[in-house]
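This report concerns only the one structure given below.
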Amino acid sequence: MAIRLSPYLMMNGNAMEAIQFYREALNAELLFSQTFGEMPENPEFPLPNEAKELVSHAMVRIGESDLMFSDNFPGQASQIGDQVTICISSDDVEKSKRMFDSLQQGGQVKMPLEETFFSPAYGIVTDKFGVTFQIYTEGQK
């Protein structure tokens, strides 16, 4: 698989409203949507009630391009200018590690690259230019 870049919009509790808006305005097709309440439970980090209906991840297709969405978790917020990140998808864990390690030089790790329930290697890093990247590795854990 070639590396794919997708814009990722981080919303402050209104991701579903934004998705509906883009579906109408840009004829976007909803490909996937999941709330935080639909994710597997983690007893070490109980989910607050106000997060259960928020979008944890969604994807729409506009023409031949994908646009991803998530609501920020309660207590976190995006400011105008930092709500758009770039998701880099790969199917190679080692390639993901190399990209993540390179991007963190002079930057700031927001979430270490690690195995999650949805990816064998996922992390978030802001590079030295202030651009935030989500490194997502496709495939089985």
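Ligands are numbered from 1 in the order shown, chains are lettered A, B, ... in the order of the structure tokens, and residues start at 1 in each chain.
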**OP:** Identify, on the basis of only C-alpha atoms, every residue whose closest approach to Pro40 of chain A does not exceed 12 Å; exclude the query and any residue fewer than 6 positions from it along the same chain; express the result as a list in words.
**Re:**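 Counting only the stated atoms, we get Gln34, Pro46, Leu47, Lys52, Ser56, Thr116, Phe117 and Phe118 of chain A.
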Would you save the residues of that selection, restricted to C-alpha atoms, as an mmCIF file, in the first residue's frame?
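The result, written out as part.cif:
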data_model
loop_
_atom_site.group_PDB
_atom_site.id
_atom_site.type_symbol
_atom_site.label_atom_id
_atom_site.label_comp_id
_atom_site.auth_asym_id
_atom_site.auth_seq_id
_atom_site.Cartn_x
_atom_site.Cartn_y
_atom_site.Cartn_z
ATOM 1 C CA GLN A 34 -18.487 5.632 15.812
ATOM 2 C CA PRO A 46 -14.177 5.012 32.687
ATOM 3 C CA LEU A 47 -15.994 7.022 30.039
ATOM 4 C CA LYS A 52 -20.735 8.779 25.160
ATOM 5 C CA SER A 56 -14.720 9.197 18.335
ATOM 6 C CA THR A 116 -4.393 0.456 20.230
ATOM 7 C CA PHE A 117 -7.592 -1.521 19.816
ATOM 8 C CA PHE A 118 -7.880 -0.111 16.278
#
Surrounding residues of segment 82-99 of chain A excluding itself and chain neighbours under 4 positions, 7 Å, only C-alpha atoms, as a PDB file with C-alpha atoms, in the first residue's frame:
ATOM      1  CA  MET A   1       0.000   0.000   0.000  1.00  0.00           C
ATOM      2  CA  ILE A   3       1.096   6.055   2.013  1.00  0.00           C
ATOM      3  CA  ARG A   4      -2.135   8.033   2.089  1.00  0.00           C
ATOM      4  CA  LEU A   5      -2.670  11.501   3.595  1.00  0.00           C
ATOM      5  CA  SER A   6      -6.139  12.529   4.813  1.00  0.00           C
ATOM      6  CA  PRO A   7      -7.245  15.741   6.509  1.00  0.00           C
ATOM      7  CA  TYR A   8      -8.628  15.094   9.998  1.00  0.00           C
ATOM      8  CA  LEU A   9     -10.963  17.638  11.604  1.00  0.00           C
ATOM      9  CA  MET A  10     -10.971  17.796  15.411  1.00  0.00           C
ATOM     10  CA  MET A  11     -14.270  19.292  16.542  1.00  0.00           C
ATOM     11  CA  SER A  78      -9.239  22.693  19.591  1.00  0.00           C
ATOM     12  CA  LEU A 103       8.344  14.073  12.800  1.00  0.00           C
ATOM     13  CA  ALA A 121       0.773   1.422  15.783  1.00  0.00           C
ATOM     14  CA  THR A 132      -0.037  17.922  13.819  1.00  0.00           C
ATOM     15  CA  PHE A 133       0.097  14.460  12.279  1.00  0.00           C
ATOM     16  CA  GLN A 134      -1.779  11.322  13.267  1.00  0.00           C
ATOM     17  CA  ILE A 135       0.211   8.244  12.281  1.00  0.00           C
ATOM     18  CA  TYR A 136      -2.209   5.370  11.687  1.00  0.00           C
ATOM     19  CA  THR A 137      -1.065   1.879  10.805  1.00  0.00           C
ATOM     20  CA  GLU A 138      -3.607  -0.315   9.089  1.00  0.00           C
ATOM     21  CA  GLY A 139      -3.710  -4.043   9.589  1.00  0.00           C
TER      22      GLY A 139
END
**OP:** Please indicate the distance in Å from atom CA of Phe73 of chain A to atom CA of Gly123 of chain A, rounded to one decimal place.
**Re:** 15.9 Å
**OP:** Run DSSP on the backbone and give me the residues of chain A it puts in alpha helix (DSSP H), as a list in words.
**Re:**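 Answer for chain A, restricted to alpha helix (DSSP H): Ala15, Met16, Glu17, Ala18, Ile19, Gln20, Phe21, Tyr22, Arg23, Glu24, Ala25, Leu26, Val93, Glu94, Lys95, Ser96, Lys97, Arg98, Met99, Phe100, Asp101, Ser102, Leu103 and Gln104 of chain A.
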Can you list every residue of segment 32-128 of chain A that has an atom at most 12 Å from segment 22-28 of chain A, with its nearest atom pair and the distance in Å to one decimal, using only C-alpha atoms, ordered by chain then number, as a Markdown table?
| residue | atom | partner | partner_atom | distance |
| --- | --- | --- | --- | --- |
| A:Phe32 | CA | A:Ala28 | CA | 11.9 |
| A:Met59 | CA | A:Ala28 | CA | 9.6 |
| A:Val60 | CA | A:Ala28 | CA | 5.9 |
| A:Arg61 | CA | A:Ala28 | CA | 5.4 |
| A:Ile62 | CA | A:Ala28 | CA | 4.6 |
| A:Gly63 | CA | A:Ala28 | CA | 7.5 |
| A:Glu64 | CA | A:Ala28 | CA | 10.1 |
| A:Ser65 | CA | A:Ala28 | CA | 9.6 |
| A:Asp66 | CA | A:Ala28 | CA | 9.1 |
| A:Leu67 | CA | A:Ala28 | CA | 9.1 |
| A:Met68 | CA | A:Ala28 | CA | 11.5 |
| A:Phe69 | CA | A:Tyr22 | CA | 11.3 |
Writing out the chosen residues with N, CA and C atoms as an mmCIF file, in the first residue's frame:
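selection-v1.cif written:
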data_model
loop_
_atom_site.group_PDB
_atom_site.id
_atom_site.type_symbol
_atom_site.label_atom_id
_atom_site.label_comp_id
_atom_site.auth_asym_id
_atom_site.auth_seq_id
_atom_site.Cartn_x
_atom_site.Cartn_y
_atom_site.Cartn_z
ATOM 1 N N PHE A 32 -18.212 5.890 7.601
ATOM 2 C CA PHE A 32 -18.064 5.265 8.913
ATOM 3 C C PHE A 32 -18.287 6.321 9.982
ATOM 4 N N MET A 59 -15.677 9.053 9.011
ATOM 5 C CA MET A 59 -15.052 9.326 7.721
ATOM 6 C C MET A 59 -16.140 9.553 6.686
ATOM 7 N N VAL A 60 -15.954 10.594 5.892
ATOM 8 C CA VAL A 60 -16.836 10.852 4.761
ATOM 9 C C VAL A 60 -15.986 10.877 3.488
ATOM 10 N N ARG A 61 -16.618 10.573 2.383
ATOM 11 C CA ARG A 61 -15.948 10.641 1.090
ATOM 12 C C ARG A 61 -16.575 11.775 0.308
ATOM 13 N N ILE A 62 -15.714 12.635 -0.200
ATOM 14 C CA ILE A 62 -16.128 13.751 -1.039
ATOM 15 C C ILE A 62 -15.426 13.549 -2.371
ATOM 16 N N GLY A 63 -16.177 13.182 -3.384
ATOM 17 C CA GLY A 63 -15.555 12.834 -4.668
ATOM 18 C C GLY A 63 -14.687 11.605 -4.468
ATOM 19 N N GLU A 64 -13.384 11.750 -4.694
ATOM 20 C CA GLU A 64 -12.444 10.647 -4.520
ATOM 21 C C GLU A 64 -11.569 10.821 -3.282
ATOM 22 N N SER A 65 -11.897 11.783 -2.431
ATOM 23 C CA SER A 65 -11.088 12.078 -1.245
ATOM 24 C C SER A 65 -11.856 11.779 0.026
ATOM 25 N N ASP A 66 -11.111 11.410 1.060
ATOM 26 C CA ASP A 66 -11.705 11.142 2.368
ATOM 27 C C ASP A 66 -11.405 12.288 3.317
ATOM 28 N N LEU A 67 -12.359 12.578 4.176
ATOM 29 C CA LEU A 67 -12.231 13.583 5.220
ATOM 30 C C LEU A 67 -12.639 12.903 6.517
ATOM 31 N N MET A 68 -11.760 12.989 7.532
ATOM 32 C CA MET A 68 -12.018 12.314 8.803
ATOM 33 C C MET A 68 -12.397 13.329 9.874
ATOM 34 N N PHE A 69 -13.141 12.848 10.872
ATOM 35 C CA PHE A 69 -13.644 13.696 11.952
ATOM 36 C C PHE A 69 -13.506 13.000 13.297
#
**OP:** Can you pull out every residue within 10 Å of Ala51 of chain A, counting only C-alpha atoms, but drop anything in the same chain fewer than 5 positions away, and send it as a PyMOL selection string?
**Re:** chain A and resi 13+35-37+56+71-74
Residue selection dump (N, CA and C atoms) as a PDB file, in the first residue's frame:
ATOM      1  N   GLY A  13     -17.209  19.052  19.967  1.00  0.00           N
ATOM      2  CA  GLY A  13     -18.529  18.555  20.324  1.00  0.00           C
ATOM      3  C   GLY A  13     -19.573  18.666  19.227  1.00  0.00           C
ATOM      4  N   THR A  35     -19.215   6.477  17.964  1.00  0.00           N
ATOM      5  CA  THR A  35     -19.151   7.364  19.129  1.00  0.00           C
ATOM      6  C   THR A  35     -18.172   6.794  20.147  1.00  0.00           C
ATOM      7  N   PHE A  36     -17.782   7.630  21.101  1.00  0.00           N
ATOM      8  CA  PHE A  36     -16.934   7.144  22.186  1.00  0.00           C
ATOM      9  C   PHE A  36     -17.649   6.044  22.964  1.00  0.00           C
ATOM     10  N   GLY A  37     -18.979   6.151  23.080  1.00  0.00           N
ATOM     11  CA  GLY A  37     -19.755   5.139  23.790  1.00  0.00           C
ATOM     12  C   GLY A  37     -19.790   3.793  23.090  1.00  0.00           C
ATOM     13  N   SER A  56     -16.124   9.561  18.113  1.00  0.00           N
ATOM     14  CA  SER A  56     -14.720   9.197  18.335  1.00  0.00           C
ATOM     15  C   SER A  56     -13.980   9.123  17.010  1.00  0.00           C
ATOM     16  N   ASP A  71     -14.699  14.267  17.588  1.00  0.00           N
ATOM     17  CA  ASP A  71     -14.904  15.278  18.621  1.00  0.00           C
ATOM     18  C   ASP A  71     -13.752  15.171  19.602  1.00  0.00           C
ATOM     19  N   ASN A  72     -13.344  16.301  20.156  1.00  0.00           N
ATOM     20  CA  ASN A  72     -12.365  16.269  21.236  1.00  0.00           C
ATOM     21  C   ASN A  72     -13.009  15.626  22.458  1.00  0.00           C
ATOM     22  N   PHE A  73     -12.205  14.942  23.222  1.00  0.00           N
ATOM     23  CA  PHE A  73     -12.678  14.333  24.457  1.00  0.00           C
ATOM     24  C   PHE A  73     -12.998  15.450  25.446  1.00  0.00           C
ATOM     25  N   PRO A  74     -14.031  15.305  26.290  1.00  0.00           N
ATOM     26  CA  PRO A  74     -14.353  16.350  27.267  1.00  0.00           C
ATOM     27  C   PRO A  74     -13.113  16.776  28.054  1.00  0.00           C
TER      28      PRO A  74
END
Could you give me the residues within chain A that DSSP places in strand (DSSP E or B), as a CSV table (one decimal) with N, CA and C atoms, in the first residue's frame?
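Saved to part.csv:
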chain,number,residue,atom,x,y,z
A,4,ARG,N,-1.0,7.2,2.4
A,4,ARG,CA,-2.1,8.0,2.1
A,4,ARG,C,-2.2,9.1,3.1
A,5,LEU,N,-2.5,10.4,2.7
A,5,LEU,CA,-2.7,11.5,3.6
A,5,LEU,C,-4.1,11.9,3.6
A,6,SER,N,-4.7,12.1,4.7
A,6,SER,CA,-6.1,12.5,4.8
A,6,SER,C,-6.3,13.6,5.8
A,7,PRO,N,-7.0,14.7,5.5
A,7,PRO,CA,-7.2,15.7,6.5
A,7,PRO,C,-8.1,15.2,7.6
A,8,TYR,N,-7.9,15.6,8.8
A,8,TYR,CA,-8.6,15.1,10.0
A,8,TYR,C,-9.1,16.3,10.8
A,9,LEU,N,-10.4,16.5,10.9
A,9,LEU,CA,-11.0,17.6,11.6
A,9,LEU,C,-11.3,17.3,13.0
A,10,MET,N,-10.7,18.0,14.0
A,10,MET,CA,-11.0,17.8,15.4
A,10,MET,C,-12.0,18.9,15.8
A,11,MET,N,-13.2,18.4,16.2
A,11,MET,CA,-14.3,19.3,16.5
A,11,MET,C,-14.5,19.4,18.1
A,29,GLU,N,-20.4,11.5,1.3
A,29,GLU,CA,-21.0,10.2,1.6
A,29,GLU,C,-20.4,9.7,3.0
A,30,LEU,N,-21.3,9.4,3.9
A,30,LEU,CA,-20.8,8.9,5.2
A,30,LEU,C,-20.3,7.5,5.1
A,31,LEU,N,-19.0,7.2,5.3
A,31,LEU,CA,-18.5,5.9,5.2
A,31,LEU,C,-18.4,5.1,6.5
A,32,PHE,N,-18.2,5.9,7.6
A,32,PHE,CA,-18.1,5.3,8.9
A,32,PHE,C,-18.3,6.3,10.0
A,33,SER,N,-18.9,5.9,11.1
A,33,SER,CA,-19.1,6.8,12.2
A,33,SER,C,-19.2,5.9,13.5
A,34,GLN,N,-18.5,6.3,14.5
A,34,GLN,CA,-18.5,5.6,15.8
A,34,GLN,C,-18.4,6.7,16.9
A,35,THR,N,-19.2,6.5,18.0
A,35,THR,CA,-19.2,7.4,19.1
A,35,THR,C,-18.2,6.8,20.1
A,55,VAL,N,-18.5,11.9,18.8
A,55,VAL,CA,-17.9,11.1,17.7
A,55,VAL,C,-16.5,10.9,18.0
A,56,SER,N,-16.1,9.6,18.1
A,56,SER,CA,-14.7,9.2,18.3
A,56,SER,C,-14.0,9.1,17.0
A,57,HIS,N,-14.7,8.7,16.0
A,57,HIS,CA,-14.1,8.7,14.6
A,57,HIS,C,-15.2,8.5,13.6
A,58,ALA,N,-15.0,9.3,12.5
A,58,ALA,CA,-15.9,9.2,11.4
A,58,ALA,C,-15.2,9.6,10.1
A,59,MET,N,-15.7,9.1,9.0
A,59,MET,CA,-15.1,9.3,7.7
A,59,MET,C,-16.1,9.6,6.7
A,60,VAL,N,-16.0,10.6,5.9
A,60,VAL,CA,-16.8,10.9,4.8
A,60,VAL,C,-16.0,10.9,3.5
A,61,ARG,N,-16.6,10.6,2.4
A,61,ARG,CA,-15.9,10.6,1.1
A,61,ARG,C,-16.6,11.8,0.3
A,62,ILE,N,-15.7,12.6,-0.2
A,62,ILE,CA,-16.1,13.8,-1.0
A,62,ILE,C,-15.4,13.5,-2.4
A,65,SER,N,-11.9,11.8,-2.4
A,65,SER,CA,-11.1,12.1,-1.2
A,65,SER,C,-11.9,11.8,0.0
A,66,ASP,N,-11.1,11.4,1.1
A,66,ASP,CA,-11.7,11.1,2.4
A,66,ASP,C,-11.4,12.3,3.3
A,67,LEU,N,-12.4,12.6,4.2
A,67,LEU,CA,-12.2,13.6,5.2
A,67,LEU,C,-12.6,12.9,6.5
A,68,MET,N,-11.8,13.0,7.5
A,68,MET,CA,-12.0,12.3,8.8
A,68,MET,C,-12.4,13.3,9.9
A,69,PHE,N,-13.1,12.8,10.9
A,69,PHE,CA,-13.6,13.7,12.0
A,69,PHE,C,-13.5,13.0,13.3
A,70,SER,N,-13.4,13.8,14.3
A,70,SER,CA,-13.5,13.3,15.7
A,70,SER,C,-13.9,14.5,16.6
A,71,ASP,N,-14.7,14.3,17.6
A,71,ASP,CA,-14.9,15.3,18.6
A,71,ASP,C,-13.8,15.2,19.6
A,84,VAL,N,-7.4,21.2,12.4
A,84,VAL,CA,-7.2,20.3,11.2
A,84,VAL,C,-5.8,19.7,11.4
A,85,THR,N,-5.8,18.3,11.4
A,85,THR,CA,-4.6,17.6,11.4
A,85,THR,C,-4.5,16.8,10.2
A,86,ILE,N,-3.3,16.1,10.0
A,86,ILE,CA,-3.2,15.3,8.8
A,86,ILE,C,-2.9,13.9,9.3
A,87,CYS,N,-3.8,13.0,8.8
A,87,CYS,CA,-3.6,11.5,9.1
A,87,CYS,C,-2.8,10.9,8.1
A,88,ILE,N,-1.7,10.3,8.4
A,88,ILE,CA,-0.9,9.5,7.5
A,88,ILE,C,-1.2,8.0,7.8
A,89,SER,N,-1.7,7.3,6.8
A,89,SER,CA,-2.0,5.9,6.9
A,89,SER,C,-1.0,5.1,6.2
A,90,SER,N,-0.6,4.0,6.8
A,90,SER,CA,0.4,3.1,6.3
A,90,SER,C,0.0,1.7,6.7
A,108,GLN,N,6.7,17.9,19.3
A,108,GLN,CA,6.1,17.5,20.5
A,108,GLN,C,5.2,16.3,20.3
A,109,VAL,N,5.4,15.2,21.1
A,109,VAL,CA,4.5,14.1,21.0
A,109,VAL,C,3.3,14.3,21.8
A,110,LYS,N,2.1,14.2,21.2
A,110,LYS,CA,0.8,14.3,21.9
A,110,LYS,C,0.3,13.0,22.3
A,111,MET,N,0.6,11.9,21.6
A,111,MET,CA,0.3,10.6,22.0
A,111,MET,C,1.3,9.7,21.5
A,112,PRO,N,2.0,8.9,22.3
A,112,PRO,CA,3.1,8.1,21.8
A,112,PRO,C,2.6,7.1,20.8
A,113,LEU,N,3.5,6.7,19.9
A,113,LEU,CA,3.1,5.7,18.9
A,113,LEU,C,3.0,4.3,19.6
A,114,GLU,N,1.8,3.7,19.7
A,114,GLU,CA,1.6,2.5,20.4
A,114,GLU,C,0.5,1.7,19.8
A,122,TYR,N,-0.3,3.5,16.4
A,122,TYR,CA,-1.0,4.8,16.2
A,122,TYR,C,-0.4,5.8,17.2
A,123,GLY,N,-0.2,7.0,16.7
A,123,GLY,CA,0.3,8.0,17.6
A,123,GLY,C,0.0,9.4,17.0
A,124,ILE,N,0.1,10.4,17.8
A,124,ILE,CA,-0.1,11.8,17.4
A,124,ILE,C,1.1,12.6,17.7
A,125,VAL,N,1.6,13.4,16.8
A,125,VAL,CA,2.8,14.2,17.0
A,125,VAL,C,2.7,15.5,16.2
A,126,THR,N,3.1,16.6,16.9
A,126,THR,CA,3.1,17.9,16.3
A,126,THR,C,4.6,18.2,15.9
A,132,THR,N,0.2,19.1,13.1
A,132,THR,CA,0.0,17.9,13.8
A,132,THR,C,-0.4,16.8,12.9
A,133,PHE,N,0.3,15.7,13.1
A,133,PHE,CA,0.1,14.5,12.3
A,133,PHE,C,-0.4,13.3,13.2
A,134,GLN,N,-1.4,12.6,12.7
A,134,GLN,CA,-1.8,11.3,13.3
A,134,GLN,C,-1.2,10.2,12.4
A,135,ILE,N,-0.4,9.4,13.0
A,135,ILE,CA,0.2,8.2,12.3
A,135,ILE,C,-0.7,7.0,12.6
A,136,TYR,N,-1.3,6.5,11.6
A,136,TYR,CA,-2.2,5.4,11.7
A,136,TYR,C,-1.7,4.2,10.9
A,137,THR,N,-1.5,3.1,11.5
A,137,THR,CA,-1.1,1.9,10.8
A,137,THR,C,-2.3,0.9,10.6
Original post:
Quick one, how far is atom CA of Gln76 of chain A from atom CA of Glu50 of chain A?
Top reply: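 Pair atom CA of Gln76 of chain A / atom CA of Glu50 of chain A returns 12.7 Å.
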